[in-house]
Amino acid sequence: MTADLFADLFNEAPPDWREDLAPGAVVLRGFALPMVPALLAGVEAVTASAPFRHLVTPGGQTMSVAMSNTGALGWVSDRRGYRYDATDPQTGRPWPAMPAAFAQLALDAAHAAGFDGFTPQACLINRYAIGARLSLHQDKDELDYDHPIVSVSLGLPAVFLFGGFERSDRQARIPIAHGDVVVWGGPSRLRYHGVQPIKPGVHPLLGDVRINLTFRKVR
Ligand code: SIN
Ligand code: FE2
């Protein structure tokens, strides 16, 4: 087989770790696996100084997902609304600096999905216990929609709901496993998405927890 034929084959058939969801949206299966030890060490270090907490929505509901942040900006919610803040409202201190391994993975995953130069200021760390869920929403608290969302999953599996541009649009149900990275940007940047309640289980590394890292360029 000639090199040319190889090149044609590779251009036409995406590698099997890459699953297209929609234009600008892709699942990179197992993309984060080589980084798992660094990512888990990072989560531990960050949440030692900015502990996981259950935020309250503007409507007064306590979220089932526990959250923390790392980076120059962190996403927070309270009775006044959703926003990004350079300070952790719980400690009064800046959010812990983003670990180098986090920034590198975000850059590499965005690149693999076709988005160059992704330098997020914010990494939201979501911790799901069994039964925790995230209802359908759009990520639209950012000033900059030119950059994608990069979402890294660790621990227990989940069903990621990936919808359209109206809340009522049909959603694809995407099984997501430890090490998978979902990237959505460009024409898919404002799609509704969410996470179904986490099913009971035990993950060999993380036990009864799912951790998600969501990277965003805010402005
Ligand atoms: C999010 O939308 O912020 C998180 C999605 C996930 O946990 O997979
Ligand atoms: Fe989101």
# chains A, B, ... in the order shown; residues from 1 in each chain; ligands from 1

$ residues_around --residues "Arg93 (chain A)" --least-positions-apart "2" --cutoff "12 Å" --atoms "only C-alpha atoms" --output "MDAnalysis selection string"
chainID A and resid 49:51 69:70 72:74 85:91 95:97

$ residues_near_ligand --ligand "ligand 2" --cutoff "7 Å" --atoms "only C-alpha atoms and all ligand atoms" --output "PyMOL selection string"
chain A and resi 137-139+193-194

$ write_last_selection --atoms "N, CA and C atoms" --output "mmCIF file, in the first residue's frame"
data_model
loop_
_atom_site.group_PDB
_atom_site.id
_atom_site.type_symbol
_atom_site.label_atom_id
_atom_site.label_comp_id
_atom_site.auth_asym_id
_atom_site.auth_seq_id
_atom_site.Cartn_x
_atom_site.Cartn_y
_atom_site.Cartn_z
ATOM 1 N N HIS A 137 -28.903 23.124 30.087
ATOM 2 C CA HIS A 137 -28.549 24.552 30.117
ATOM 3 C C HIS A 137 -27.662 24.863 28.915
ATOM 4 N N GLN A 138 -27.496 26.131 28.652
ATOM 5 C CA GLN A 138 -26.492 26.604 27.685
ATOM 6 C C GLN A 138 -25.379 27.248 28.490
ATOM 7 N N ASP A 139 -24.125 27.136 28.009
ATOM 8 C CA ASP A 139 -23.024 27.877 28.634
ATOM 9 C C ASP A 139 -22.993 29.241 27.956
ATOM 10 N N HIS A 193 -27.155 21.403 26.897
ATOM 11 C CA HIS A 193 -26.555 20.140 27.327
ATOM 12 C C HIS A 193 -26.830 19.941 28.811
ATOM 13 N N GLY A 194 -26.629 18.713 29.266
ATOM 14 C CA GLY A 194 -26.856 18.394 30.673
ATOM 15 C C GLY A 194 -26.340 16.998 30.962
#

$ select_by_dssp --residues "region 12-184 of chain A" --states "strand (DSSP E or B)" --output "ChimeraX atom specification"
/A:18-22,25-28,53,56,62,66-71,74-78,81-85,87,94,122-129,134-137,149-155,158-162,172-176,181-184

$ closest_residue --among "A:Ala25, A:Met63, A:Val46, A:Val218" --to "Leu143 (chain A)" --atoms "only C-alpha atoms"
A:Val218

$ closest_atom_pairs --of "chain A" --to "ligand 1" --cutoff "10 Å" --atoms "only C-alpha atoms and all ligand atoms" --output "JSON lines"
{"residue": "A:Val65", "atom": "CA", "partner": "ligand 1", "partner_atom_place_in_ligand_line": "7 (O)", "distance": 8.7}
{"residue": "A:Met67", "atom": "CA", "partner": "ligand 1", "partner_atom_place_in_ligand_line": "3 (O)", "distance": 9.8}
{"residue": "A:Trp75", "atom": "CA", "partner": "ligand 1", "partner_atom_place_in_ligand_line": "3 (O)", "distance": 9.7}
{"residue": "A:Cys123", "atom": "CA", "partner": "ligand 1", "partner_atom_place_in_ligand_line": "3 (O)", "distance": 9.6}
{"residue": "A:Leu124", "atom": "CA", "partner": "ligand 1", "partner_atom_place_in_ligand_line": "3 (O)", "distance": 7.2}
{"residue": "A:Ile125", "atom": "CA", "partner": "ligand 1", "partner_atom_place_in_ligand_line": "3 (O)", "distance": 8.4}
{"residue": "A:Asn126", "atom": "CA", "partner": "ligand 1", "partner_atom_place_in_ligand_line": "7 (O)", "distance": 6.3}
{"residue": "A:Arg127", "atom": "CA", "partner": "ligand 1", "partner_atom_place_in_ligand_line": "7 (O)", "distance": 8.1}
{"residue": "A:Tyr128", "atom": "CA", "partner": "ligand 1", "partner_atom_place_in_ligand_line": "7 (O)", "distance": 7.9}
{"residue": "A:Arg133", "atom": "CA", "partner": "ligand 1", "partner_atom_place_in_ligand_line": "7 (O)", "distance": 8.3}
{"residue": "A:Leu134", "atom": "CA", "partner": "ligand 1", "partner_atom_place_in_ligand_line": "7 (O)", "distance": 7.1}
{"residue": "A:Ser135", "atom": "CA", "partner": "ligand 1", "partner_atom_place_in_ligand_line": "2 (O)", "distance": 8.7}
{"residue": "A:Leu136", "atom": "CA", "partner": "ligand 1", "partner_atom_place_in_ligand_line": "2 (O)", "distance": 8.3}
{"residue": "A:His137", "atom": "CA", "partner": "ligand 1", "partner_atom_place_in_ligand_line": "2 (O)", "distance": 7.3}
{"residue": "A:Gln138", "atom": "CA", "partner": "ligand 1", "partner_atom_place_in_ligand_line": "2 (O)", "distance": 7.8}
{"residue": "A:Asp139", "atom": "CA", "partner": "ligand 1", "partner_atom_place_in_ligand_line": "2 (O)", "distance": 7.1}
{"residue": "A:Ile149", "atom": "CA", "partner": "ligand 1", "partner_atom_place_in_ligand_line": "2 (O)", "distance": 8.9}
{"residue": "A:Val150", "atom": "CA", "partner": "ligand 1", "partner_atom_place_in_ligand_line": "5 (C)", "distance": 9.4}
{"residue": "A:Ser151", "atom": "CA", "partner": "ligand 1", "partner_atom_place_in_ligand_line": "8 (O)", "distance": 6.2}
{"residue": "A:Val152", "atom": "CA", "partner": "ligand 1", "partner_atom_place_in_ligand_line": "8 (O)", "distance": 7.2}
{"residue": "A:Ser153", "atom": "CA", "partner": "ligand 1", "partner_atom_place_in_ligand_line": "8 (O)", "distance": 6.5}
{"residue": "A:Leu154", "atom": "CA", "partner": "ligand 1", "partner_atom_place_in_ligand_line": "8 (O)", "distance": 9.6}
{"residue": "A:Pro157", "atom": "CA", "partner": "ligand 1", "partner_atom_place_in_ligand_line": "8 (O)", "distance": 9.9}
{"residue": "A:Ala158", "atom": "CA", "partner": "ligand 1", "partner_atom_place_in_ligand_line": "8 (O)", "distance": 7.6}
{"residue": "A:Val159", "atom": "CA", "partner": "ligand 1", "partner_atom_place_in_ligand_line": "8 (O)", "distance": 8.3}
{"residue": "A:Phe160", "atom": "CA", "partner": "ligand 1", "partner_atom_place_in_ligand_line": "8 (O)", "distance": 6.1}
{"residue": "A:Leu161", "atom": "CA", "partner": "ligand 1", "partner_atom_place_in_ligand_line": "8 (O)", "distance": 8.7}
{"residue": "A:Phe162", "atom": "CA", "partner": "ligand 1", "partner_atom_place_in_ligand_line": "2 (O)", "distance": 9.9}
{"residue": "A:Ile176", "atom": "CA", "partner": "ligand 1", "partner_atom_place_in_ligand_line": "8 (O)", "distance": 8.1}
{"residue": "A:Asp180", "atom": "CA", "partner": "ligand 1", "partner_atom_place_in_ligand_line": "8 (O)", "distance": 9.8}
{"residue": "A:Val181", "atom": "CA", "partner": "ligand 1", "partner_atom_place_in_ligand_line": "8 (O)", "distance": 9.0}
{"residue": "A:Val182", "atom": "CA", "partner": "ligand 1", "partner_atom_place_in_ligand_line": "8 (O)", "distance": 8.0}
{"residue": "A:Tyr192", "atom": "CA", "partner": "ligand 1", "partner_atom_place_in_ligand_line": "2 (O)", "distance": 8.9}
{"residue": "A:His193", "atom": "CA", "partner": "ligand 1", "partner_atom_place_in_ligand_line": "2 (O)", "distance": 6.3}
{"residue": "A:Gly194", "atom": "CA", "partner": "ligand 1", "partner_atom_place_in_ligand_line": "2 (O)", "distance": 5.8}
{"residue": "A:Val195", "atom": "CA", "partner": "ligand 1", "partner_atom_place_in_ligand_line": "6 (C)", "distance": 6.0}
{"residue": "A:Gln196", "atom": "CA", "partner": "ligand 1", "partner_atom_place_in_ligand_line": "7 (O)", "distance": 9.4}
{"residue": "A:Arg210", "atom": "CA", "partner": "ligand 1", "partner_atom_place_in_ligand_line": "7 (O)", "distance": 8.3}
{"residue": "A:Ile211", "atom": "CA", "partner": "ligand 1", "partner_atom_place_in_ligand_line": "7 (O)", "distance": 7.4}
{"residue": "A:Asn212", "atom": "CA", "partner": "ligand 1", "partner_atom_place_in_ligand_line": "7 (O)", "distance": 4.9}
{"residue": "A:Leu213", "atom": "CA", "partner": "ligand 1", "partner_atom_place_in_ligand_line": "7 (O)", "distance": 7.3}
{"residue": "A:Thr214", "atom": "CA", "partner": "ligand 1", "partner_atom_place_in_ligand_line": "3 (O)", "distance": 5.7}
{"residue": "A:Phe215", "atom": "CA", "partner": "ligand 1", "partner_atom_place_in_ligand_line": "3 (O)", "distance": 8.8}
{"residue": "A:Arg216", "atom": "CA", "partner": "ligand 1", "partner_atom_place_in_ligand_line": "3 (O)", "distance": 9.6}

$ write_last_selection --atoms "C-alpha atoms" --output "PDB file, in the first residue's frame"
ATOM      1  CA  VAL A  65     -23.418  18.828  41.847  1.00  0.00           C
ATOM      2  CA  MET A  67     -18.343  22.686  42.542  1.00  0.00           C
ATOM      3  CA  TRP A  75     -18.001  30.337  37.806  1.00  0.00           C
ATOM      4  CA  CYS A 123     -11.891  25.597  34.903  1.00  0.00           C
ATOM      5  CA  LEU A 124     -15.043  24.631  36.756  1.00  0.00           C
ATOM      6  CA  ILE A 125     -14.600  21.408  38.721  1.00  0.00           C
ATOM      7  CA  ASN A 126     -17.868  19.501  39.101  1.00  0.00           C
ATOM      8  CA  ARG A 127     -18.193  16.618  41.553  1.00  0.00           C
ATOM      9  CA  TYR A 128     -21.157  14.304  41.073  1.00  0.00           C
ATOM     10  CA  ARG A 133     -27.453  15.557  37.816  1.00  0.00           C
ATOM     11  CA  LEU A 134     -27.108  18.729  35.829  1.00  0.00           C
ATOM     12  CA  SER A 135     -30.237  20.006  34.179  1.00  0.00           C
ATOM     13  CA  LEU A 136     -30.258  21.201  30.576  1.00  0.00           C
ATOM     14  CA  HIS A 137     -28.549  24.552  30.117  1.00  0.00           C
ATOM     15  CA  GLN A 138     -26.492  26.604  27.685  1.00  0.00           C
ATOM     16  CA  ASP A 139     -23.024  27.877  28.634  1.00  0.00           C
ATOM     17  CA  ILE A 149     -16.035  24.432  25.742  1.00  0.00           C
ATOM     18  CA  VAL A 150     -13.708  21.583  26.720  1.00  0.00           C
ATOM     19  CA  SER A 151     -15.230  19.090  29.157  1.00  0.00           C
ATOM     20  CA  VAL A 152     -13.151  16.297  30.734  1.00  0.00           C
ATOM     21  CA  SER A 153     -14.736  13.361  32.553  1.00  0.00           C
ATOM     22  CA  LEU A 154     -13.168  11.245  35.297  1.00  0.00           C
ATOM     23  CA  PRO A 157     -19.622   7.018  33.795  1.00  0.00           C
ATOM     24  CA  ALA A 158     -22.415   9.396  32.853  1.00  0.00           C
ATOM     25  CA  VAL A 159     -24.986   9.993  30.182  1.00  0.00           C
ATOM     26  CA  PHE A 160     -24.328  13.383  28.609  1.00  0.00           C
ATOM     27  CA  LEU A 161     -27.364  15.004  27.021  1.00  0.00           C
ATOM     28  CA  PHE A 162     -26.491  16.998  23.932  1.00  0.00           C
ATOM     29  CA  ILE A 176     -19.300   9.246  28.668  1.00  0.00           C
ATOM     30  CA  ASP A 180     -13.318  11.021  27.666  1.00  0.00           C
ATOM     31  CA  VAL A 181     -13.243  14.659  26.565  1.00  0.00           C
ATOM     32  CA  VAL A 182     -16.179  16.416  24.911  1.00  0.00           C
ATOM     33  CA  TYR A 192     -28.199  22.901  25.315  1.00  0.00           C
ATOM     34  CA  HIS A 193     -26.555  20.140  27.327  1.00  0.00           C
ATOM     35  CA  GLY A 194     -26.856  18.394  30.673  1.00  0.00           C
ATOM     36  CA  VAL A 195     -26.025  15.256  32.629  1.00  0.00           C
ATOM     37  CA  GLN A 196     -28.486  12.532  33.648  1.00  0.00           C
ATOM     38  CA  ARG A 210     -17.728  11.424  38.898  1.00  0.00           C
ATOM     39  CA  ILE A 211     -15.492  14.454  38.411  1.00  0.00           C
ATOM     40  CA  ASN A 212     -15.879  16.774  35.444  1.00  0.00           C
ATOM     41  CA  LEU A 213     -13.526  19.584  34.462  1.00  0.00           C
ATOM     42  CA  THR A 214     -15.123  22.229  32.267  1.00  0.00           C
ATOM     43  CA  PHE A 215     -12.717  24.686  30.641  1.00  0.00           C
ATOM     44  CA  ARG A 216     -13.976  28.007  29.336  1.00  0.00           C
TER      45      ARG A 216
END

$ residues_around --residues "Tyr145 (chain A)" --least-positions-apart "2" --cutoff "12 Å" --atoms "only C-alpha atoms" --output "list in words"
Phe118, Pro120, Gln138, Asp139, Lys140, Asp141, Glu142, Leu143, His147, Pro148, Ile149, Trp184, Gly185, Gly186, Pro187, Ser188, Arg189, Leu190, Arg191, Arg216, Lys217, Val218 and Arg219 of chain A

$ closest_residue --among "A:Gly71, A:Phe165, A:Gly155, A:Asp146" --to "Ala177 (chain A)" --atoms "only C-alpha atoms"
A:Gly155

$ select_by_dssp --residues "region 7-179 of chain A" --states "helix (DSSP H, G or I)" --output "NGL selection string"
:A and (7-12 or 33-49 or 100-112)
